[in-house]
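Q: Enclosed is the structure file structure23.cif (mmCIF, C-alpha atoms).
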```cif
data_start
loop_
_atom_site.label_atom_id
_atom_site.label_comp_id
_atom_site.auth_asym_id
_atom_site.auth_seq_id
_atom_site.Cartn_x
_atom_site.Cartn_y
_atom_site.Cartn_z
CA MET A 1 13.72 -17.10 21.72
CA SER A 2 10.36 -16.42 20.09
CA VAL A 3 7.96 -19.33 19.77
CA PHE A 4 6.03 -19.73 16.55
CA ARG A 5 2.82 -21.69 16.71
CA ARG A 6 2.07 -21.72 13.02
CA ARG A 7 4.13 -21.68 9.89
CA HIS A 8 3.87 -19.22 7.08
CA LEU A 9 2.10 -19.85 3.78
CA CYS A 10 4.33 -17.67 1.70
CA SER A 11 7.67 -16.12 2.34
CA LEU A 12 8.73 -12.72 2.96
CA THR A 13 11.65 -12.89 1.73
CA ALA A 14 14.05 -11.33 2.02
CA ALA A 15 14.51 -8.64 0.92
CA LEU A 16 16.62 -7.91 -1.80
CA ALA A 17 17.89 -4.29 -2.06
CA LEU A 18 20.37 -2.51 -4.32
CA THR A 19 23.27 -0.59 -2.83
CA ALA A 20 24.15 2.53 -4.72
CA ALA A 21 25.32 6.02 -3.89
CA LEU A 22 22.18 6.31 -1.77
CA PRO A 23 21.13 3.57 0.67
CA ALA A 24 19.82 0.51 -1.12
CA THR A 25 16.21 0.72 -0.01
CA ALA A 26 15.82 4.41 -0.76
CA ALA A 27 13.04 5.49 -3.08
CA ALA A 28 14.19 7.41 -6.13
CA ALA A 29 15.10 11.04 -5.60
CA PRO A 30 11.98 13.18 -6.03
CA SER A 31 11.70 15.08 -9.29
CA SER A 32 9.21 17.65 -8.03
CA SER A 33 10.34 21.12 -7.00
CA ALA A 34 7.94 21.02 -4.04
CA ALA A 35 9.56 20.92 -0.62
CA LEU A 36 9.79 17.32 0.52
CA ARG A 37 10.99 15.55 3.63
CA GLU A 38 12.84 12.26 3.62
CA VAL A 39 11.28 9.71 5.97
CA MET A 40 11.11 6.00 6.64
CA PHE A 41 7.95 3.98 6.14
CA VAL A 42 7.47 1.03 8.51
CA GLY A 43 4.82 -1.45 7.39
CA ASN A 44 2.91 -2.86 10.37
CA ASN A 45 1.62 -6.00 8.70
CA TRP A 46 -0.93 -7.15 11.27
CA ASP A 47 -2.16 -3.63 12.07
CA GLY A 48 -2.80 -2.58 8.51
CA THR A 49 -0.89 0.64 9.15
CA ALA A 50 2.37 2.24 8.12
CA ASP A 51 4.27 4.34 10.62
CA VAL A 52 6.20 7.30 9.27
CA ILE A 53 9.42 7.94 11.20
CA ARG A 54 12.47 10.15 10.82
CA SER A 55 15.07 8.66 8.48
CA THR A 56 18.05 9.65 10.66
CA GLY A 57 18.92 10.78 14.18
CA ASP A 58 16.44 9.57 16.79
CA PHE A 59 14.16 7.95 14.17
CA GLY A 60 11.22 9.47 16.02
CA LYS A 61 7.65 8.93 14.90
CA ILE A 62 6.13 11.57 12.62
CA GLY A 63 2.74 10.05 11.86
CA ARG A 64 0.74 7.00 10.82
CA ILE A 65 -1.22 5.94 7.73
CA ASN A 66 -4.14 3.53 7.55
CA VAL A 67 -3.38 1.33 4.52
CA VAL A 68 -6.73 -0.50 4.58
CA PRO A 69 -9.30 2.33 4.46
CA ASP A 70 -11.38 0.12 2.15
CA LYS A 71 -11.30 -2.90 4.47
CA ASP A 72 -15.08 -3.33 4.70
CA GLN A 73 -15.45 -3.36 0.92
CA ARG A 74 -12.60 -5.82 0.42
CA MET A 75 -13.92 -8.16 3.11
CA ALA A 76 -17.38 -8.13 1.53
CA GLU A 77 -15.84 -9.23 -1.77
CA ILE A 78 -13.82 -11.99 -0.10
CA ASN A 79 -16.80 -13.29 1.86
CA ALA A 80 -18.84 -13.46 -1.35
CA ASP A 81 -16.26 -15.59 -3.17
CA PRO A 82 -15.54 -19.07 -1.71
CA ILE A 83 -12.14 -19.41 -3.39
CA LYS A 84 -10.97 -15.97 -2.25
CA TRP A 85 -12.22 -16.75 1.25
CA ILE A 86 -10.25 -20.00 1.37
CA TYR A 87 -7.01 -18.22 0.38
CA PHE A 88 -7.70 -15.34 2.76
CA MET A 89 -8.17 -17.73 5.67
CA ALA A 90 -5.13 -19.80 4.66
CA ILE A 91 -2.97 -16.68 4.76
CA ARG A 92 -4.39 -15.71 8.17
CA ASN A 93 -3.86 -19.14 9.72
CA SER A 94 -0.39 -19.86 8.37
CA VAL A 95 1.76 -17.00 7.12
CA GLY A 96 -0.12 -14.53 9.32
CA GLU A 97 0.23 -16.68 12.45
CA GLY A 98 -3.44 -16.09 13.16
CA HIS A 99 -3.43 -12.52 11.82
CA ASP A 100 -4.30 -10.94 8.49
CA GLN A 101 -1.48 -9.57 6.30
CA PHE A 102 -2.42 -6.04 5.37
CA VAL A 103 0.88 -4.49 4.34
CA ASP A 104 3.93 -6.20 2.92
CA ASP A 105 5.79 -3.47 1.04
CA MET A 106 5.47 0.25 0.36
CA TYR A 107 7.07 3.14 -1.55
CA SER A 108 6.30 6.81 -2.02
CA THR A 109 5.70 8.39 -5.41
CA PRO A 110 8.46 10.73 -6.67
CA ASP A 111 6.47 13.83 -5.74
CA GLY A 112 5.82 12.57 -2.21
CA THR A 113 2.04 12.87 -2.51
CA SER A 114 1.16 9.17 -2.36
CA MET A 115 2.24 5.83 -0.92
CA VAL A 116 1.97 2.65 -2.98
CA VAL A 117 1.34 -0.46 -0.85
CA SER A 118 1.14 -4.20 -1.53
CA ARG A 119 -1.50 -5.92 0.63
CA PRO A 120 -1.09 -9.72 0.72
CA SER A 121 -4.43 -10.66 2.27
CA PHE A 122 -6.29 -8.49 -0.25
CA ALA A 123 -4.15 -9.68 -3.21
CA ASP A 124 -3.63 -6.18 -4.49
CA VAL A 125 -1.56 -3.01 -4.73
CA VAL A 126 -3.07 0.35 -3.84
CA SER A 127 -1.98 3.97 -4.00
CA ILE A 128 -2.96 6.01 -0.95
CA ASP A 129 -3.08 9.79 -0.98
CA LEU A 130 -0.83 10.92 1.88
CA ALA A 131 -2.83 14.09 2.53
CA SER A 132 -6.34 12.63 2.66
CA GLY A 133 -5.69 8.95 3.37
CA ARG A 134 -7.96 7.99 0.48
CA ILE A 135 -7.18 5.41 -2.20
CA ASN A 136 -6.10 6.82 -5.58
CA TRP A 137 -6.11 3.52 -7.46
CA ARG A 138 -6.18 -0.21 -6.87
CA PHE A 139 -4.56 -3.01 -8.90
CA PRO A 140 -5.65 -6.59 -8.13
CA VAL A 141 -2.74 -8.93 -8.83
CA SER A 142 -3.16 -12.25 -10.59
CA GLY A 143 -3.79 -15.10 -8.17
CA TYR A 144 -4.55 -14.64 -4.50
CA ARG A 145 -1.61 -12.93 -2.79
CA SER A 146 0.64 -9.92 -3.42
CA ASP A 147 4.11 -9.77 -1.92
CA HIS A 148 7.40 -7.86 -2.17
CA MET A 149 7.80 -4.85 -4.45
CA ALA A 150 10.65 -2.83 -5.94
CA VAL A 151 10.68 0.69 -7.32
CA SER A 152 12.69 1.73 -10.38
CA PRO A 153 15.60 4.17 -9.89
CA ASP A 154 13.57 7.01 -11.42
CA GLY A 155 10.67 6.21 -9.10
CA LYS A 156 8.18 5.84 -11.96
CA ARG A 157 7.63 2.07 -12.01
CA VAL A 158 6.89 -0.43 -9.30
CA ALA A 159 7.26 -4.21 -9.64
CA VAL A 160 5.15 -6.48 -7.44
CA SER A 161 5.24 -10.25 -6.98
CA ALA A 162 1.98 -12.18 -7.30
CA SER A 163 3.12 -15.14 -5.25
CA THR A 164 0.43 -17.69 -6.09
CA SER A 165 0.47 -17.11 -9.88
CA ASN A 166 4.27 -17.07 -10.40
CA THR A 167 4.00 -13.62 -11.97
CA VAL A 168 5.54 -10.19 -11.48
CA HIS A 169 3.44 -7.18 -12.53
CA VAL A 170 5.14 -3.88 -13.36
CA LEU A 171 2.94 -0.84 -12.80
CA ASP A 172 3.07 2.87 -13.48
CA ILE A 173 3.45 4.20 -9.93
CA VAL A 174 1.26 7.27 -10.55
CA SER A 175 -1.66 5.76 -12.46
CA GLY A 176 -1.50 2.10 -11.45
CA ARG A 177 -1.61 1.08 -15.12
CA GLU A 178 0.09 -2.23 -15.86
CA LEU A 179 3.12 -1.66 -18.09
CA GLY A 180 3.96 -5.33 -18.42
CA LYS A 181 4.43 -8.59 -16.58
CA PHE A 182 6.67 -11.66 -16.66
CA GLY A 183 6.74 -15.24 -15.43
CA THR A 184 9.01 -16.47 -12.65
CA GLY A 185 9.84 -19.60 -10.71
CA ASP A 186 7.57 -20.86 -7.95
CA LYS A 187 6.47 -18.27 -5.37
CA PRO A 188 8.13 -15.07 -6.64
CA HIS A 189 9.33 -13.02 -3.72
CA GLU A 190 11.82 -10.16 -3.80
CA ASN A 191 12.29 -7.89 -6.82
CA ILE A 192 15.13 -5.49 -7.55
CA PHE A 193 15.95 -3.05 -10.31
CA THR A 194 19.56 -2.57 -11.36
CA GLN A 195 20.94 0.91 -10.79
CA ASP A 196 20.55 1.88 -14.45
CA GLY A 197 16.94 0.70 -14.44
CA LYS A 198 17.52 -1.69 -17.34
CA TYR A 199 16.95 -5.00 -15.61
CA ILE A 200 14.76 -6.52 -12.92
CA TYR A 201 15.92 -9.42 -10.75
CA ASN A 202 13.24 -11.63 -9.23
CA MET A 203 13.91 -14.30 -6.64
CA ALA A 204 11.46 -17.22 -6.53
CA ILE A 205 11.69 -19.04 -3.19
CA GLY A 206 9.46 -22.06 -3.79
CA ASP A 207 7.04 -23.66 -1.36
CA VAL A 208 8.13 -22.39 2.03
CA ASN A 209 4.83 -23.26 3.69
CA THR A 210 5.20 -27.04 3.53
CA GLN A 211 6.43 -29.37 6.27
CA THR A 212 8.88 -31.13 3.93
CA ASP A 213 11.87 -29.29 5.37
CA ALA A 214 14.38 -32.13 5.74
CA PRO A 215 17.35 -31.78 3.36
CA TRP A 216 16.50 -35.03 1.55
CA LEU A 217 13.06 -33.59 0.72
CA ASP A 218 14.45 -30.38 -0.73
CA TRP A 219 13.32 -31.42 -4.21
CA THR A 220 9.68 -30.97 -3.12
CA LYS A 221 10.10 -27.24 -2.65
CA GLY A 222 9.58 -26.36 -6.30
CA ASP A 223 11.32 -24.25 -8.93
CA ARG A 224 13.60 -21.83 -7.08
CA ARG A 225 15.60 -19.47 -9.25
CA ILE A 226 16.56 -15.91 -9.98
CA THR A 227 14.87 -14.61 -13.11
CA VAL A 228 16.47 -11.59 -14.79
CA VAL A 229 14.37 -9.66 -17.31
CA ASP A 230 14.68 -6.59 -19.49
CA ALA A 231 12.81 -3.86 -17.60
CA THR A 232 11.43 -2.38 -20.82
CA THR A 233 10.39 -5.43 -22.83
CA PHE A 234 9.97 -7.78 -19.82
CA LYS A 235 11.68 -10.51 -21.81
CA GLN A 236 13.83 -12.98 -19.91
CA VAL A 237 17.54 -12.23 -20.12
CA LYS A 238 18.89 -15.06 -18.00
CA VAL A 239 18.12 -17.47 -15.18
CA ILE A 240 20.46 -18.00 -12.23
CA ASP A 241 20.21 -21.36 -10.50
CA MET A 242 22.12 -21.62 -7.22
CA ARG A 243 21.70 -25.40 -6.92
CA PRO A 244 24.77 -26.30 -9.07
CA GLN A 245 26.79 -23.62 -7.27
CA LEU A 246 26.00 -25.02 -3.83
CA ASP A 247 26.54 -28.61 -4.94
CA ALA A 248 29.96 -27.72 -6.35
CA LEU A 249 30.95 -26.44 -2.90
CA GLY A 250 29.78 -29.63 -1.21
CA LEU A 251 26.76 -27.84 0.26
CA LYS A 252 24.14 -30.23 -1.04
CA GLU A 253 22.10 -29.98 2.16
CA HIS A 254 21.78 -26.20 1.82
CA SER A 255 18.62 -24.82 0.26
CA ASP A 256 18.89 -22.93 -3.03
CA ALA A 257 15.94 -20.65 -2.22
CA VAL A 258 17.48 -17.17 -2.40
CA ARG A 259 15.97 -14.91 0.25
CA PRO A 260 16.87 -11.24 0.91
CA ALA A 261 19.95 -10.12 -1.00
CA VAL A 262 21.95 -7.00 -1.77
CA PHE A 263 24.32 -5.98 -4.55
CA SER A 264 27.74 -4.43 -4.04
CA PRO A 265 27.91 -0.78 -5.16
CA ASP A 266 29.39 -1.76 -8.54
CA GLU A 267 26.87 -4.60 -8.91
CA SER A 268 29.64 -7.14 -9.46
CA LYS A 269 28.74 -9.15 -6.35
CA LEU A 270 25.48 -10.33 -4.85
CA TYR A 271 25.24 -11.18 -1.15
CA PHE A 272 22.26 -13.38 -0.35
CA GLN A 273 20.59 -15.52 2.30
CA VAL A 274 18.94 -18.90 1.72
CA SER A 275 16.32 -20.91 3.56
CA PHE A 276 17.29 -22.60 6.85
CA PHE A 277 20.83 -21.13 6.90
CA ASN A 278 22.29 -18.88 9.61
CA GLY A 279 24.59 -16.95 7.30
CA PHE A 280 24.92 -15.73 3.74
CA PHE A 281 26.84 -16.19 0.48
CA GLU A 282 28.86 -13.98 -1.84
CA TYR A 283 28.11 -14.56 -5.54
CA ASP A 284 30.15 -13.19 -8.45
CA ILE A 285 27.87 -12.03 -11.28
CA ALA A 286 30.44 -12.23 -14.09
CA THR A 287 31.71 -15.74 -13.34
CA ASP A 288 28.37 -17.13 -12.13
CA LYS A 289 30.01 -18.61 -9.04
CA ILE A 290 29.59 -18.46 -5.27
CA THR A 291 32.91 -17.07 -4.10
CA ARG A 292 32.56 -16.98 -0.31
CA THR A 293 30.37 -18.46 2.42
CA LYS A 294 29.74 -16.87 5.80
CA THR A 295 28.24 -18.86 8.68
CA LEU A 296 27.02 -16.69 11.54
CA PRO A 297 26.61 -17.74 15.19
CA GLU A 298 23.66 -19.83 16.29
CA ASN A 299 21.55 -18.83 19.24
CA PRO A 300 21.69 -21.78 21.67
CA ALA A 301 18.00 -21.23 22.38
CA THR A 302 17.06 -21.68 18.73
CA SER A 303 15.56 -25.07 17.93
CA ASP A 304 17.19 -27.16 15.22
CA ASP A 305 13.73 -28.22 14.08
CA ARG A 306 13.47 -26.66 10.64
CA THR A 307 9.69 -26.73 10.74
CA THR A 308 9.79 -24.02 13.41
CA PHE A 309 11.64 -21.56 11.15
CA VAL A 310 9.35 -18.79 9.94
CA ASN A 311 8.82 -19.24 6.18
CA ASP A 312 11.77 -21.67 6.14
CA SER A 313 14.10 -18.74 6.82
CA ARG A 314 16.52 -18.82 9.72
CA HIS A 315 18.03 -15.43 8.81
CA HIS A 316 15.94 -12.94 6.86
CA GLY A 317 17.19 -9.44 6.09
CA ILE A 318 20.45 -8.08 4.70
CA SER A 319 21.65 -4.60 3.73
CA MET A 320 24.95 -2.87 2.96
CA SER A 321 26.48 0.46 3.93
CA PRO A 322 26.59 2.91 1.00
CA ASP A 323 30.40 2.69 0.83
CA GLY A 324 30.15 -1.07 0.41
CA ARG A 325 32.40 -1.81 3.38
CA ARG A 326 29.89 -3.40 5.74
CA LEU A 327 26.91 -5.69 5.62
CA CYS A 328 24.10 -5.77 8.14
CA VAL A 329 22.32 -9.07 8.77
CA ALA A 330 19.04 -9.79 10.53
CA GLY A 331 19.30 -13.15 12.33
CA THR A 332 15.55 -13.71 12.46
CA MET A 333 15.27 -17.04 14.28
CA ASP A 334 18.43 -16.42 16.31
CA ASP A 335 17.09 -13.12 17.71
CA TYR A 336 19.96 -10.82 16.84
CA ALA A 337 21.30 -8.48 14.19
CA THR A 338 24.96 -7.90 13.40
CA VAL A 339 27.23 -5.81 11.21
CA VAL A 340 29.75 -7.80 9.13
CA ASP A 341 32.97 -6.47 7.63
CA ARG A 342 32.69 -7.13 3.90
CA ALA A 343 36.42 -7.61 3.32
CA THR A 344 37.03 -10.12 6.11
CA LEU A 345 33.46 -11.35 6.70
CA GLN A 346 34.08 -10.95 10.44
CA GLU A 347 30.90 -10.18 12.34
CA GLY A 348 30.70 -7.50 15.00
CA PRO A 349 28.68 -7.52 18.22
CA LEU A 350 25.48 -9.56 18.19
CA VAL A 351 22.80 -6.98 18.93
CA THR A 352 19.82 -8.59 20.63
CA ALA A 353 16.68 -8.22 18.53
CA SER A 354 13.34 -10.03 18.71
CA LYS A 355 12.45 -11.78 15.45
CA PRO A 356 14.19 -9.18 13.25
CA TYR A 357 12.44 -9.39 9.89
CA TRP A 358 14.21 -6.89 7.65
CA ALA A 359 17.36 -4.78 7.40
CA THR A 360 17.69 -1.48 5.57
CA VAL A 361 19.86 1.65 5.62
CA SER A 362 19.17 5.01 7.25
CA GLY A 363 18.80 8.15 5.18
CA ASP A 364 22.31 9.36 5.97
CA GLY A 365 23.80 5.89 5.39
CA LYS A 366 25.29 5.72 8.88
CA ALA A 367 23.00 3.11 10.41
CA CYS A 368 21.37 -0.20 9.67
CA VAL A 369 17.70 -0.23 10.61
CA VAL A 370 16.04 -3.56 11.43
CA SER A 371 12.38 -4.25 12.12
CA GLU A 372 11.80 -6.26 15.29
CA SER A 373 8.51 -7.98 14.62
CA GLY A 374 8.63 -9.78 17.96
CA THR A 375 8.62 -6.59 20.03
CA ASP A 376 6.96 -4.12 17.62
CA GLN A 377 9.86 -1.74 17.24
CA VAL A 378 12.59 -0.75 14.81
CA THR A 379 16.20 -0.63 15.95
CA ALA A 380 19.08 1.35 14.47
CA ILE A 381 22.62 -0.10 14.60
CA ASP A 382 25.67 2.00 13.84
CA PHE A 383 27.56 0.66 10.82
CA ALA A 384 30.90 1.94 12.11
CA THR A 385 30.75 0.37 15.59
CA GLY A 386 28.18 -2.38 15.15
CA LYS A 387 26.46 -1.15 18.32
CA LYS A 388 22.81 -0.34 18.91
CA VAL A 389 21.90 3.34 18.61
CA VAL A 390 18.20 3.49 19.44
CA SER A 391 14.93 1.53 19.33
CA VAL A 392 11.61 3.14 18.42
CA PRO A 393 8.15 1.62 19.06
CA VAL A 394 5.91 1.10 16.03
CA GLY A 395 2.75 -0.88 15.23
CA ASP A 396 1.87 -4.56 15.33
CA HIS A 397 4.37 -6.86 13.58
CA PRO A 398 6.59 -4.46 11.60
CA GLN A 399 8.17 -6.03 8.55
CA ARG A 400 9.32 -4.00 5.56
CA VAL A 401 11.09 -0.68 6.16
CA ARG A 402 11.65 1.66 3.21
CA LEU A 403 12.98 5.17 2.69
CA GLY A 404 10.51 7.56 1.10
CA HIS A 405 9.35 11.17 0.92
CA VAL A 406 6.40 13.17 2.18
CA ALA A 407 5.52 16.85 1.97
CA ALA A 408 7.74 18.98 4.22
CA GLY A 409 4.90 19.85 6.60
CA TRP A 410 3.13 16.50 6.42
CA THR A 411 0.98 15.23 9.27
CA SER A 412 -1.13 12.09 9.51
CA PRO A 413 -4.31 12.26 7.40
CA SER A 414 -7.48 12.49 9.45
CA ALA A 415 -8.69 9.23 7.90
CA SER A 416 -5.79 7.45 9.65
#
```
As structure tokens, please, write out the structure in this file.
A:
Amino acid sequence: MSVFRRRHLCSLTAALALTAALPATAAAAPSSSAALREVMFVGNNWDGTADVIRSTGDFGKIGRINVVPDKDQRMAEINADPIKWIYFMAIRNSVGEGHDQFVDDMYSTPDGTSMVVSRPSFADVVSIDLASGRINWRFPVSGYRSDHMAVSPDGKRVAVSASTSNTVHVLDIVSGRELGKFGTGDKPHENIFTQDGKYIYNMAIGDVNTQTDAPWLDWTKGDRRITVVDATTFKQVKVIDMRPQLDALGLKEHSDAVRPAVFSPDESKLYFQVSFFNGFFEYDIATDKITRTKTLPENPATSDDRTTFVNDSRHHGISMSPDGRRLCVAGTMDDYATVVDRATLQEGPLVTASKPYWATVSGDGKACVVSESGTDQVTAIDFATGKKVVSVPVGDHPQRVRLGHVAAGWTSPSAS
């Protein structure tokens, strides 16, 4: 079992992803007639790089991108501003476990020419030209830390959480121009567009960096809720509060901080993880009720001390096969990943994985791909059998893994 010496300042979270005809984490289908290649981007958070690997088959490495080509300039700005320096160091010494957080999330533009990246330690979003490695544009978020993103189904808009200002910014993915923004609960984390692009779901996870982790101190964690907004006007449509749902089931000691989540293909159900829990819940959108609870096995080597859980999350990462028949769960603190039958909620083999931080779907929809931040690799697990297919080495502390596109003959830019 991995040992964590410091606790995180802000959560990952989980990663919410939509499941549609294509795998949930796929970027929108490219609109350009230029020849493109589908790939997977792996964000190496502590390296400040993104590995580009094949999206199917052997998931072999294609190239690498430096996502902090402007590092010297950004550091000069931070060192000149005492408040920015304090936040930068707080991120390094808590959420970064002694390391800087240089890449949280990333997507390609529809034409495959650029990658858009959120960089927590630099509190911004940048677009990087995939041919030259140079920055096209930069958007500083409000507050002092950027976090999870989501791309619209048409690939034209990207939503990014500004975790210290309780704000989500929505940007034009090509120009970086802000199209709008909206307020959230405390510490906005994962964002997700509905399949028709009309709504954005944001999950606010509250204060996951505090030591007040005992169930009776749950009230100190802040305003944790799902905020649903109109993706055009950015007006709030509804708020989903899981606290009454959990209390009604007699689960008053469970946290209501929704972590990674995934919709069923028809978007009638939401499957989500919460802080401190080794399992997940099924939530019915129409009735506003939790309909099923799944508790997954505990690793005997995992401490019951909640303060040792990274960002308060025991399990962090969930995805679904494109046909909606199987879920894939990353058991972060329990050091395994497993495929779960959606109908019966029976888990398959527990595939050993070191601090798995995310779960997504391969380009062909046949495999679940998890990032193993403890051993710097990504591992593919077959949805049909629940067994490991292959592991591929990547950079330091891989976290988010997203499908994207690059030019058909793409190679790493010389700047990387």
Q: Carefully work through the PyMOL selection byres ((chain A and resi 104-113) around 8) for this structure and note down the residues it includes, as a ChimeraX atom specification.
A: /A:27-32,34,36,41,43,45,101-103,114-120,129-131,147-149,151,154-156,173-174,399-407
Q: Please evaluate the PyMOL selection byres ((chain A and resi 392) around 6) against the displayed coordinates and give the resulting residues as number ranges by chain.
A: A: 377-378, 391, 393
Q: Once the PyMOL selection byres ((chain A and resi 138) around 9) is applied to the coordinates I shared, what remains selected? I want it as a list in words.
A: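 So the PyMOL selection byres ((chain A and resi 138) around 9), applied here, picks out Asp124, Val125, Val126, Ser127, Ile135, Asn136, Trp137, Phe139, Pro140 and Gly176 of chain A.
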Q: Which residues, written as a list in words, have at least one atom at most 10 Å from Met242 of chain A, with all atoms listed in the file counted and residues fewer than 4 positions away on the same chain left out?
A: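 Residues meeting the cut-off are Arg224, Arg225, Ile226, Leu246, Asp247, Ala248, Ser255, Asp256, Ala257, Val258, Val274, Tyr283, Asp288, Lys289 and Ile290 of chain A.
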Q: To one decimal in Å, tell me the separation between atom CA of Lys252 of chain A and atom CA of Pro215 of chain A.
A: 8.2 Å
Q: Which residue is closest to Lys181 of chain A? Choose from A:Glu253, A:Asp230, A:Asp305, A:Asp376 and count only C-alpha atoms.
A: A:Asp230
Q: Between atom CA of Ile205 of chain A and atom CA of Asn166 of chain A, what distance in Å does the model show, to one decimal?
A: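 About the pair atom CA of Ile205 of chain A and atom CA of Asn166 of chain A: they are 10.5 Å apart.
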Q: Mind giving me the straight-line distance from atom CA of Thr379 of chain A to atom CA of Val158 of chain A in Å, one decimal?
A: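 Computing the Euclidean distance for atom CA of Thr379 of chain A and atom CA of Val158 of chain A yields 26.9 Å.
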Q: Taking into account only C-alpha atoms, which residue in the set A:Ser121, A:Thr295, A:Asn44, A:Ser152 is nearest to Phe193 of chain A?
A: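 Nearest to Phe193 of chain A: A:Ser152.
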Q: Which residues are close to Cys328 of chain A, i.e. within 7 Å by all atoms listed in the file, leaving aside same-chain residues fewer than 6 positions away? Reply as a PyMOL selection string.
A: chain A and resi 318-320+338-340+359+368
Q: Would you pick out the contacts of Arg325 of chain A at 9 Å or less, using all atoms listed in the file, so that residues sharing its chain but fewer than 2 positions from it are not included, and give the list as a tab-separated table (two decimals) with C-alpha atoms, in the frame of the given file?
A:
```
chain	number	residue	atom	x	y	z
A	320	MET	CA	24.95	-2.87	2.96
A	321	SER	CA	26.48	0.46	3.93
A	322	PRO	CA	26.59	2.91	1.00
A	323	ASP	CA	30.40	2.69	0.83
A	327	LEU	CA	26.91	-5.69	5.62
A	340	VAL	CA	29.75	-7.80	9.13
A	341	ASP	CA	32.97	-6.47	7.63
A	342	ARG	CA	32.69	-7.13	3.90
A	343	ALA	CA	36.42	-7.61	3.32
```
Q: Ranking A:Asn278, A:Thr293, A:Gln245, A:Asn191 by minimum distance to Tyr336 of chain A and counting all atoms listed in the file, which one comes first?
A: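 Checking each of A:Asn278, A:Thr293, A:Gln245, A:Asn191 against Tyr336 of chain A, counting all atoms listed in the file, the winner is A:Asn278.
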Q: Quick one: residues within 12 Å of (-6.3, 11.5, 13.8) (file frame), counting all atoms listed in the file, please, as a list in words.
A: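 Residues close enough to count: Gly63, Arg64, Ile65, Asn66, Ser132, Gly133, Thr411, Ser412, Pro413, Ser414, Ala415 and Ser416 of chain A.
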Q: Could those selected residues go to a file with C-alpha atoms, as a compact mmCIF listing (two decimals), in the frame of the given file?
A:
```txt
# COMPACT_ATOMS: atom_id res chain seq x y z
CA GLY A 63 2.74 10.05 11.86
CA ARG A 64 0.74 7.00 10.82
CA ILE A 65 -1.22 5.94 7.73
CA ASN A 66 -4.14 3.53 7.55
CA SER A 132 -6.34 12.63 2.66
CA GLY A 133 -5.69 8.95 3.37
CA THR A 411 0.98 15.23 9.27
CA SER A 412 -1.13 12.09 9.51
CA PRO A 413 -4.31 12.26 7.40
CA SER A 414 -7.48 12.49 9.45
CA ALA A 415 -8.69 9.23 7.90
CA SER A 416 -5.79 7.45 9.65
```
Q: Using all atoms listed in the file, which residues sit within 10 Å of Gly57 of chain A once same-chain residues fewer than 2 positions away are excluded, as a ChimeraX atom specification?
A: /A:54-55,59-60,362-364,366-367,380,389-390
Q: My list of candidates is A:Val68, A:Ser163, A:Ser142, A:Asp172. Which is closest to Glu190 of chain A when distances are computed with all atoms listed in the file?
A: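 Distance minimum relative to Glu190 of chain A lands on A:Ser163.
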Q: Show me, as a JSON list (two decimals) with C-alpha atoms, in the frame of the given file, the residues that have an atom within 10 Å of Lys221 of chain A when counting all atoms listed in the file, minus same-chain residues fewer than 2 positions from it.
A:
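Wrote it out as selection.json, contents follow:
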```json
[["chain", "number", "residue", "atom", "x", "y", "z"],
["A", 186, "ASP", "CA", 7.57, -20.86, -7.95],
["A", 205, "ILE", "CA", 11.69, -19.04, -3.19],
["A", 206, "GLY", "CA", 9.46, -22.06, -3.79],
["A", 207, "ASP", "CA", 7.04, -23.66, -1.36],
["A", 208, "VAL", "CA", 8.13, -22.39, 2.03],
["A", 209, "ASN", "CA", 4.83, -23.26, 3.69],
["A", 210, "THR", "CA", 5.20, -27.04, 3.53],
["A", 211, "GLN", "CA", 6.43, -29.37, 6.27],
["A", 212, "THR", "CA", 8.88, -31.13, 3.93],
["A", 213, "ASP", "CA", 11.87, -29.29, 5.37],
["A", 217, "LEU", "CA", 13.06, -33.59, 0.72],
["A", 218, "ASP", "CA", 14.45, -30.38, -0.73],
["A", 219, "TRP", "CA", 13.32, -31.42, -4.21],
["A", 223, "ASP", "CA", 11.32, -24.25, -8.93],
["A", 224, "ARG", "CA", 13.60, -21.83, -7.08],
["A", 255, "SER", "CA", 18.62, -24.82, 0.26],
["A", 256, "ASP", "CA", 18.89, -22.93, -3.03],
["A", 257, "ALA", "CA", 15.94, -20.65, -2.22]]
```
Q: Ranking A:Lys84, A:Thr184, A:Asp335, A:Gly409 by minimum distance to Gly143 of chain A and counting only C-alpha atoms, which one comes first?
A: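 Selected residue with least distance to Gly143 of chain A: A:Lys84.
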Q: Tell me which of A:Glu372, A:Arg37, A:Asp196, A:Phe383 sits closest to Gly395 of chain A, counting only C-alpha atoms.
A: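 Residue with the minimum atom-to-atom distance to Gly395 of chain A: A:Glu372.
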